[in-house]
Structures are given as structure tokens and as C-alpha cells.
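Engineer: Take this structure, written in C-alpha cells, and hold onto it; I'll ask about it next.
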Amino acid sequence: MDTALIETPLTQMSSFIGRTDELIELARILREVRLLTLTGPAGVGKTRLALELAGQEARSRRYEVSVVKLGPLTDAEEIRQGILTALGELPDDTDETEKDRLLLLDDCEHVLDACGVLLTDLLPRRPRLRVLVTSREPLRLPGESVFSVIELALPDLNSDTVLAECLRSDAVALFMDRARAIAPDFQLTDANAADVGEVCAGLDGMPLAIEMAARLMRVFPPAEVRARMDDRLALLTNGWRLADARHRSLRASLEWGYGLLSAAERALLRRVSVLPGSFGPDTASALAADIPEVVSAMPEILIGLAAKSVITPLPDADGPTRFRLLESMRCFGHEMLVTQGEDTAAYERLTAWLATVALPLHGEAVVPAGTLGMLEKEYASLTHTVRRLGSGTDERQLLLAGALAAVEVAGGRHIGSAGCVAHALDHTARASVYRGVALEGAAALASREADNDAAALWADEAVALERERGGTPLLARLLLLRGTIRRLRDEREVSFADLEESLGLGLKLGHGMLAMLCLGEIARHQVEAGELGNAEQTVRRILPALRRHAAPHRLRSVLDTAGALALEKGDLTTAEAHFAEALLARPAHRSDTAAAIEGLALVATRAHRFDRGLQLLGAAERIGDGAQRGNIWWRRRVHEARETALRAMPPARAEAWLDSGQGLSEQQAISLALGDDGPGAHHKRTAHPLSRRERDVAELVMEGLTNRQIAARMHVSVRTVETHIRHIRTTLGLRSRAHIAAWVAQRQPKPPARLAPPAERRMPQVRGVIHGARVMGGPTPRRLDGNEVTR
């Protein structure tokens, strides 16, 4: 029996890294409850944290401490005798002079019932006894308090200062401590910081795995360990020599937990291991479709896997809870999947499910916002599946690559879908039914990069292909896209012809959203042709409905048109409001951001605020990578504004304002454009001691939000918020949330005066009505709303 009293097993030979806030919080909880269980996945450091807490309590003489390690035990009577022996021969009725006792039961997950029965009898009879438990899942006893031990804090590897981020990371601090123990000359540098950070992130911040990886520094450099992370189960086998068998290698640790799962939980774990990102219950059900009993019990199985620390819930304010599988567990689950011969069928079920989700891209005139939202959540699985399909000629890769492109266009961020789309087009037959979807994606992505010549070629091929199939909803959407591309290429006549045809198909199909989007593009034609009255009438009627129903990337183009219209009319206040609204319609691609900032620069220049105008133009040039965006009509106005501002100011001063704008990051430029343009503001932000995410958390703390509310607002887990707050306090040397709030309040500049969108005229209850407005010779729609258009 491995038991000991008071301090002997509590003094650890290796240093204890991080977890300071956890120790403080656990000590507080221990004073309030009598049964405290530390839960978490394999290798997260539950035992070490519990021993550190127990040692702290023993050194303070607050408790007499007993430790019982239950890992090797399975017999209930042996467990009972060991625990009673560790507590000593105490009478059931203790006197008032007896000290409080703390019993640490380590590794209880395999003997939960035996421990539960004993503690249910023991705790009521010994009122001065407190019990600290480590287990992968709770005991589920009355009065139990559960504390989830999470991974060590990871660096933000997207930061411009990766080395600084790594120096502040607990995970990297542990890696460096253990690496220097066997390689004293090893240093963290600019050259290796990204590799060390990636290794820690790839291991999910799990201390056991990080310690094993760090000990490889005696033989392998960080870059090589990072490159071999796909083979981590074979690589990380160097645990402490005298550790329990399950702690001597990463594989042994994962096998121990896998053995404690039910057959249904194991089956689901194996199937979701094909997913490289988060997943929801619907994805899990699709992957387990071959096991009806698993599908029917899906909620219970997911709850069980979460309770056993195999999957982690990720609260999502915009939909059902999603789950994350730690990468090391995913690697182990996938190995089991292959061993069972289930991998081919699992990947086929995943492909079929994703194709079903993406089908509206082929069958709808405008892709529903719900479909785009679901595809956005599944983009990691989409990418993984498209690349797997890329080794063959399966035509579904066209649909899924097109879905990836749609996610990239709608979401504004670069996820590398262009290469997937090009590969799918090159390796599938021209007659494939989904080819038009992939061609649309290629055209939209090229247009986003201001490569309108390539975009036009892709769009021409897509339209020709869909014409062969008749007047499909996809053809209507492709004509709208090609009409937009042709306008950007200053091919006005053919652009309008495409828009008119797309509008006609939209009316024929009864698709109101498509018709409104076509009218938005037609309004742009009207503005550029000087038909301001017609353009104003069109925009006024479609914009309210688009604000309610359109996806942000669709709305932004109409807001830009509304801003350009107001500029042409000399209404600078309204123009500024529309361009600011376009800038706030996040997320946005850099081309959208640059266009909105250019619009605000034109507003500033026409208001004779030449310094602001030049600074915004410089910022737009940097964000847009200097590419010539927009058509001749727009570029001419930008050029005129630039020249006017340059002539109005001394040359040296004008160049200084341009240079200052070009030196701004995208976020700084957005803040400037929205009004936060005080002298030197961006320089102050550059030196900010907190990362971007930590600043967001700190500001929400100042607003008085709870951790759960902050998690919902930022779409992260509560534990992630707690980790950020811990970092904030450590970095700034603050002791409480109140101190954080006060610190933010002291540094926060005066809020910028952000203009609200102009008030729209009160419209009839019919959502959107167009009466007799001829559109440059186009058809005259009579009624228009978000779902239906009739002629």
C-alpha cells in the first residue's frame, strides 16, 4: 500500500510551474467544502497540483495530511483498509482538540464506486475530515465540489512578438525548465520561439506531454520535434523511470483512459478522431450513423465523454454546444480507428455529411446565412476532407472546395481555399455536376485579390457551364457575380446585361434576396452614371431589408454604394455613417476594410480635413497591399482626393501623414477611421503590455461581466477566460478583478464618436416595396421582400 503521512510525499523534486491562481482558489474552496475533486484529462497535472496544495496545507499546519495513491488498486476492501490505515486508528467520536485532517485520494477514476461508498460512510462520521480527490471524472456524491484542471496557458502564436508571448506562457515556461534540466545551454530565442510555442500548442498545453517533449532537447532541436508531432505517440515515451506505468509514455497515459470508457464511448471517440477541429452533436451523429444505439444515446454519450475529460465543451452563444477533442487523444483515437478497420467508412460518412450541408451552394440562388454559419464552424473538417479527396477524382471535392471558398469570402479571413479549389478543378471532369460551384469560388476569391482578369475567366466558364443546364438558381447567382466583376473591369454594358438577367431569374424564381442584391449592384451603376435620384430611390428601399436579412459581406457592398451616393450628393455626414457602418460589419476581408477606409478618407478630404484624409489613404494602401481596387470611376475619385490633399498641405507634412497611415496595423487603422485618432494613439497601443485577446477580456471585466458572460461574448470556454485573467493579473501585478477594471479605466481613451447609420424612412409593413422605379432600362419590379418577389 502506497500511503504516507504529512510532508514526506508532498515535497517534490522538480519545480512547480504556473498554477499560482489555481492554488489560491483551491485553498479557498477547501475551507468551504469537505469533498473537493480535481478533474481533467490524462497528463494535465491533477496529481501534481493536488500534492502541491496538500503540501501547502501541511506546511501551514492547518491540516494533518494523508495521501493514498489508488492507481494500482482495484479491490474495494483493499482500498477501504488502505484509506483507514492512512487516517490512523482514530475513534469515531473525536474530541475537540483533534486537528483537522486532509485526505488526498489520488487517481480514483477506475474505483469511483468503491471510493464513493467509503466516503459516503466516512465523511458524516468524521466532521473534521476533508477529502481531496484527483480523478478524470467526478465522484458524483452529495456535497462534492468539482474543479476542472485545464491545460497550461499557451502563447498567442499569431502575435507579432512570438518570443515575448512565449516568455509569458506557463506552458513554455514548463518546457524550458524541463529542457534546461537535461540541456543547460538550451535557450529560448527569436529563432526557436515559434517552434517551441507550436510544440506546446500541439500538445494542448498538457504538462505530462510537454515534459516528455522538453526532455528531447538533449538530442533534437525544437524544429525537428515540431516536425515529428504527427508521430507523437511513438516519440513521447520518455516519462520518469519510476513513475506509474501509465505516466511513462504518452501512449500509456491515453490507453489507461481509453480502457475506462464504455463500448459506446470508445466507438464514438474513434469516429470523431477523423475531425481535426471542433464538432457538434449533429456531426458526431453523422459519423456514428452505422451504430444506431450510439446515435439514439448521443446526448448521454457526449455528456459521459465530457465528464471523463475526453472531450471539452466549447460554449457557443450562436448555437448548440460544440466539443473539442485534445489533439493527443485524437491521434490515439485515430490509431484505434485504423486498428479496428473503421477509417475508410468513417471518412466516407464525414464526406457525405459535409456534402449534404454544402448542397445549398448548388441548389440555392443565394446561399442561406445558416448554411454559411454551419460551414464556417466546420471549415477545419472541410479542409481536411477536401485534401483527402484530392488524391482522387471524386466530384464532391468540387462542392466542398467551393464551400471552403464561400467560407473564406463570407468570413473575411484567409484560410487557403484557393489552392484547394484550383486542385479540384484540375483533377475532376468538366462535366461534373458541382463544377459551377468550384468555378464560382475561384472567381470570387480572385476578385477579392483584385485579380479581375482571372476572376472574369473563371466566371465566364461557370456561366457557360450552367447555361448548358438551363435557368438554374446557381446560374442566377453566377450572373450576379459576373456582373459585379465586369463592373470592376469597367465593362459597363455587359455588366448591366448580366445583372438584368440575374434580376429576371430572381423574379422568376421568387427569390427576393437575390433580387435585392441585383438591385444593389444596379444602384452602383446608377451612381456611377450620375443617375443619383434613381440610385437613391433603389438604395432607400433595399437597404433596410438587407440590414435585417443579408450576410455581412453582402450588406457591405450596398453600404459602400450608399456611401458613394451620399458623397456624390455632397452629404458628407450620411456618407461617413454608411462607410463607418460598412467598416463595422465584421468580419471583413482586407479589401472590404480598405474600401471603407478609402470612403472615409474621401469624406475627410471633402470636409477639408486633409491630414486625416491622407492618413486614412495611407492606411488603406497598406491594408490593400497597394493593389488597384475598384473600377476607374472609384480610383479616379481616390486619386483626386489624394492630389487635393497633397496640394493643400506643405509637402513634408503631407508625406508625414501618408507615412503615418501606412505604418498602422489593420486594427489601428480601423480605430483611426472610426474616430480614435488622437495624437500618438497607435504608438501607445503598440507598446500595450497585454495581447489583443487579453485586452478584450480586460475591457469586458471593466464592464462588469462575469467570466461566463465574457466567455459567451468571445465564443470561448469559461476556463479560457480564467486563464486570460490569470495572465492579466500576472503581467500587470494586479491582485483582483477590481484592480483590472481600474487599470483599464485609467488607460482607456475618450470613446470615439461613432456615427450611427442614417435613420431610414418609415416603410410600410410590406418590408420592402419598389413602385414603378425603372432601373436603367431594366424590368420594373412591383413588390420586393426578403423571401418573395413578384412581377
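By convention here, the chains of the C-alpha cells are called A, B, ... in the order presented, each chain's residues are numbered starting at 1, and ligands are numbered starting at 1 in the order presented.
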Give me the residues within 9 Å of Leu36 (chain A) as a ChimeraX atom specification, counting only C-alpha atoms and dropping any in the same chain fewer than 5 places off.

Structural biologist: /A:26,29-30,130-134,143-147

Engineer: Store the residues picked out above, limited to N, CA and C atoms, as a compact mmCIF listing (two decimals), in the first residue's frame.

Structural biologist:
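Wrote it out as selection-v6.txt, contents follow:
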```txt
# COMPACT_ATOMS: atom_id res chain seq x y z
N LEU A 26 -8.07 26.98 -4.97
CA LEU A 26 -8.34 25.68 -4.35
C LEU A 26 -8.24 25.76 -2.83
N ILE A 29 -11.48 27.20 -1.71
CA ILE A 29 -12.59 26.24 -1.80
C ILE A 29 -12.50 25.20 -0.69
N LEU A 30 -11.27 24.78 -0.38
CA LEU A 30 -11.06 23.72 0.61
C LEU A 30 -11.53 24.15 2.00
N ARG A 130 -11.50 16.44 5.77
CA ARG A 130 -11.72 16.93 4.42
C ARG A 130 -11.01 16.00 3.45
N VAL A 131 -11.62 15.83 2.25
CA VAL A 131 -11.07 14.89 1.28
C VAL A 131 -10.80 15.62 -0.03
N LEU A 132 -9.59 15.45 -0.54
CA LEU A 132 -9.18 15.99 -1.83
C LEU A 132 -8.95 14.81 -2.77
N VAL A 133 -9.62 14.83 -3.92
CA VAL A 133 -9.61 13.69 -4.84
C VAL A 133 -9.07 14.15 -6.20
N THR A 134 -8.29 13.29 -6.85
CA THR A 134 -7.96 13.52 -8.26
C THR A 134 -8.57 12.40 -9.08
N GLY A 143 -22.58 17.02 -1.87
CA GLY A 143 -21.60 17.88 -1.22
C GLY A 143 -20.29 17.99 -1.94
N GLU A 144 -20.12 17.26 -3.06
CA GLU A 144 -18.86 17.30 -3.80
C GLU A 144 -18.73 18.61 -4.57
N SER A 145 -17.56 19.23 -4.52
CA SER A 145 -17.23 20.39 -5.34
C SER A 145 -16.20 19.95 -6.37
N VAL A 146 -16.45 20.28 -7.63
CA VAL A 146 -15.58 19.82 -8.73
C VAL A 146 -14.80 20.99 -9.30
N PHE A 147 -13.50 20.82 -9.43
CA PHE A 147 -12.62 21.84 -10.00
C PHE A 147 -11.94 21.23 -11.22
```

Engineer: Which residues of region 385-406 of chain A have any atom within 12 Å of an atom in region 357-366 of chain A when counting only C-alpha atoms, and what is the closest pair of atoms for each, with the distance in Å to one decimal? Order the rows by chain and rising number and write it as JSON lines.

Structural biologist:
```
{"residue": "A:Arg396", "atom": "CA", "partner": "A:Ala358", "partner_atom": "CA", "distance": 10.0}
{"residue": "A:Gln397", "atom": "CA", "partner": "A:Ala358", "partner_atom": "CA", "distance": 11.0}
{"residue": "A:Leu398", "atom": "CA", "partner": "A:His362", "partner_atom": "CA", "distance": 10.6}
{"residue": "A:Leu399", "atom": "CA", "partner": "A:Ala358", "partner_atom": "CA", "distance": 7.0}
{"residue": "A:Leu400", "atom": "CA", "partner": "A:Ala358", "partner_atom": "CA", "distance": 6.8}
{"residue": "A:Ala401", "atom": "CA", "partner": "A:Ala358", "partner_atom": "CA", "distance": 9.9}
{"residue": "A:Gly402", "atom": "CA", "partner": "A:Leu361", "partner_atom": "CA", "distance": 7.9}
{"residue": "A:Ala403", "atom": "CA", "partner": "A:Ala358", "partner_atom": "CA", "distance": 6.2}
{"residue": "A:Leu404", "atom": "CA", "partner": "A:Ala358", "partner_atom": "CA", "distance": 9.5}
{"residue": "A:Ala405", "atom": "CA", "partner": "A:Leu361", "partner_atom": "CA", "distance": 10.8}
{"residue": "A:Ala406", "atom": "CA", "partner": "A:Leu361", "partner_atom": "CA", "distance": 8.6}
```

Engineer: If you run DSSP on the backbone here, which positions in region 87-229 of chain A get strand (DSSP E)? Please write them as a ChimeraX atom specification.

Structural biologist: /A:101-106,129-134,144-148

Engineer: Kindly export the residues of the current selection with N, CA and C atoms, as an mmCIF file, in the first residue's frame.

Structural biologist:
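The file below, part-v9.cif, is the result:
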```cif
data_model
loop_
_atom_site.group_PDB
_atom_site.id
_atom_site.type_symbol
_atom_site.label_atom_id
_atom_site.label_comp_id
_atom_site.auth_asym_id
_atom_site.auth_seq_id
_atom_site.Cartn_x
_atom_site.Cartn_y
_atom_site.Cartn_z
ATOM 1 N N ARG A 101 -8.199 17.108 9.508
ATOM 2 C CA ARG A 101 -7.455 16.157 8.665
ATOM 3 C C ARG A 101 -7.784 16.397 7.199
ATOM 4 N N LEU A 102 -6.771 16.233 6.356
ATOM 5 C CA LEU A 102 -6.949 16.302 4.906
ATOM 6 C C LEU A 102 -6.478 14.983 4.311
ATOM 7 N N LEU A 103 -7.385 14.310 3.617
ATOM 8 C CA LEU A 103 -7.083 13.035 2.968
ATOM 9 C C LEU A 103 -7.035 13.252 1.456
ATOM 10 N N LEU A 104 -5.893 12.956 0.864
ATOM 11 C CA LEU A 104 -5.744 13.063 -0.590
ATOM 12 C C LEU A 104 -5.839 11.671 -1.205
ATOM 13 N N LEU A 105 -6.865 11.464 -2.031
ATOM 14 C CA LEU A 105 -7.043 10.210 -2.766
ATOM 15 C C LEU A 105 -6.680 10.470 -4.223
ATOM 16 N N ASP A 106 -5.577 9.888 -4.665
ATOM 17 C CA ASP A 106 -5.036 10.165 -5.991
ATOM 18 C C ASP A 106 -5.410 9.064 -6.982
ATOM 19 N N LEU A 129 -12.861 15.933 8.968
ATOM 20 C CA LEU A 129 -12.110 15.371 7.842
ATOM 21 C C LEU A 129 -12.507 16.062 6.543
ATOM 22 N N ARG A 130 -11.505 16.443 5.772
ATOM 23 C CA ARG A 130 -11.721 16.934 4.416
ATOM 24 C C ARG A 130 -11.011 16.004 3.450
ATOM 25 N N VAL A 131 -11.617 15.827 2.250
ATOM 26 C CA VAL A 131 -11.066 14.885 1.281
ATOM 27 C C VAL A 131 -10.800 15.619 -0.032
ATOM 28 N N LEU A 132 -9.592 15.449 -0.538
ATOM 29 C CA LEU A 132 -9.178 15.987 -1.831
ATOM 30 C C LEU A 132 -8.954 14.809 -2.773
ATOM 31 N N VAL A 133 -9.622 14.830 -3.918
ATOM 32 C CA VAL A 133 -9.607 13.694 -4.840
ATOM 33 C C VAL A 133 -9.072 14.146 -6.199
ATOM 34 N N THR A 134 -8.289 13.295 -6.853
ATOM 35 C CA THR A 134 -7.959 13.518 -8.261
ATOM 36 C C THR A 134 -8.567 12.395 -9.080
ATOM 37 N N GLU A 144 -20.121 17.258 -3.062
ATOM 38 C CA GLU A 144 -18.862 17.298 -3.796
ATOM 39 C C GLU A 144 -18.734 18.614 -4.574
ATOM 40 N N SER A 145 -17.561 19.228 -4.515
ATOM 41 C CA SER A 145 -17.235 20.392 -5.336
ATOM 42 C C SER A 145 -16.202 19.952 -6.366
ATOM 43 N N VAL A 146 -16.445 20.281 -7.634
ATOM 44 C CA VAL A 146 -15.584 19.816 -8.726
ATOM 45 C C VAL A 146 -14.798 20.989 -9.300
ATOM 46 N N PHE A 147 -13.498 20.822 -9.425
ATOM 47 C CA PHE A 147 -12.622 21.840 -10.001
ATOM 48 C C PHE A 147 -11.943 21.232 -11.219
ATOM 49 N N SER A 148 -12.186 21.801 -12.396
ATOM 50 C CA SER A 148 -11.599 21.287 -13.635
ATOM 51 C C SER A 148 -10.203 21.868 -13.821
#
```

Engineer: Which of these, A:Leu188, A:Met336, A:Val463, A:Leu354, has the shortest distance to Leu287 (chain A) once you count only C-alpha atoms?

Structural biologist: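 Checking each of A:Leu188, A:Met336, A:Val463, A:Leu354 against Leu287 (chain A), counting only C-alpha atoms, the winner is A:Leu354.
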
Engineer: Set the distance at 9 Å and use only C-alpha atoms: which residues neighbour region 158-169 of chain A once local chain neighbours fewer than 2 positions away are removed? I'd like the list as an NGL selection string.

Structural biologist: :A and (18 or 152-156 or 171-174 or 188-194 or 196-197 or 691-692 or 727 or 731)

Engineer: As a VMD selection string, please: every residue in region 165-343 of chain A that DSSP puts in alpha helix (DSSP H).

Structural biologist: chain A and resid 165 to 167 170 to 182 193 to 202 207 to 214 222 to 227 232 to 235 250 to 259 263 to 272 281 to 287 292 to 296 298 to 307 327 to 339 343

Engineer: Compile the contact shell of Asp592 (chain A) as a ChimeraX atom specification: residues with an atom at most 8 Å away, counting only C-alpha atoms, same-chain residues fewer than 3 positions apart removed.

Structural biologist: /A:556,583,588-589,595-596

Engineer: Excluding region 50-53 of chain A and its own-chain neighbours fewer than 3 positions away, which residues fall within 7 Å of it when counting only C-alpha atoms? Please give them as a VMD selection string.

Structural biologist: chain A and resid 10 23 46 to 47 56 to 57

Engineer: Those same residues - C-alpha atoms - I'd like them written as a PDB file, in the first residue's frame.

Structural biologist:
```
ATOM      1  CA  LEU A  10       4.435  16.177  -0.574  1.00  0.00           C
ATOM      2  CA  LEU A  23      -3.598  27.051  -5.748  1.00  0.00           C
ATOM      3  CA  LYS A  46      -4.048  16.877 -11.449  1.00  0.00           C
ATOM      4  CA  THR A  47      -1.806  14.840  -9.158  1.00  0.00           C
ATOM      5  CA  GLN A  56       0.985  23.863   1.244  1.00  0.00           C
ATOM      6  CA  GLU A  57      -1.748  22.975   3.735  1.00  0.00           C
TER       7      GLU A  57
END
```

Engineer: Which is closer to Thr237 (chain A) than all the others in A:Ala422, A:Val219, A:Arg19, A:Ala209, using only C-alpha atoms?

Structural biologist: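 The answer is A:Ala209, which sits nearest to Thr237 (chain A).
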
Engineer: Calculated over only C-alpha atoms, which of the candidates A:Ser273, A:Thr730, A:Ser660, A:Thr351 has the smallest distance to His334 (chain A)?

Structural biologist: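 Among the listed residues, A:Ser273 lies closest to His334 (chain A).
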
Engineer: Quick one: pull the distance between CA of Ala450 (chain A) and CA of Leu372 (chain A), Å, one decimal.

Structural biologist: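 Atom-to-atom, CA of Ala450 (chain A) and CA of Leu372 (chain A) are spaced 23.2 Å apart.
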
Engineer: Hey, what's within 9 Å of region 288-303 of chain A if we count only C-alpha atoms and toss same-chain stuff fewer than 6 positions away? As a ChimeraX atom specification, please?

Structural biologist: /A:264-265,267-268,271-272,281,311,323,346,349

Engineer: Go ahead and compute the interatomic distance for CA of Asp282 (chain A) and CA of Arg413 (chain A), in Å to one decimal.

Structural biologist: 25.3 Å

Engineer: Counting only C-alpha atoms, what is within 10 Å of Leu567 (chain A), bar same-chain residues fewer than 6 positions away, as a list in words?

Structural biologist: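 That gives Thr561, Thr573, Thr574, Ala575, Glu576, Gly599, Leu600, Leu602, Val603 and Arg606 of chain A.
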
Engineer: Just the number, please: distance in Å from CA of Leu509 (chain A) to CA of Gly471 (chain A), one decimal.

Structural biologist: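 That distance, rounded to one decimal, is 9.5 Å.
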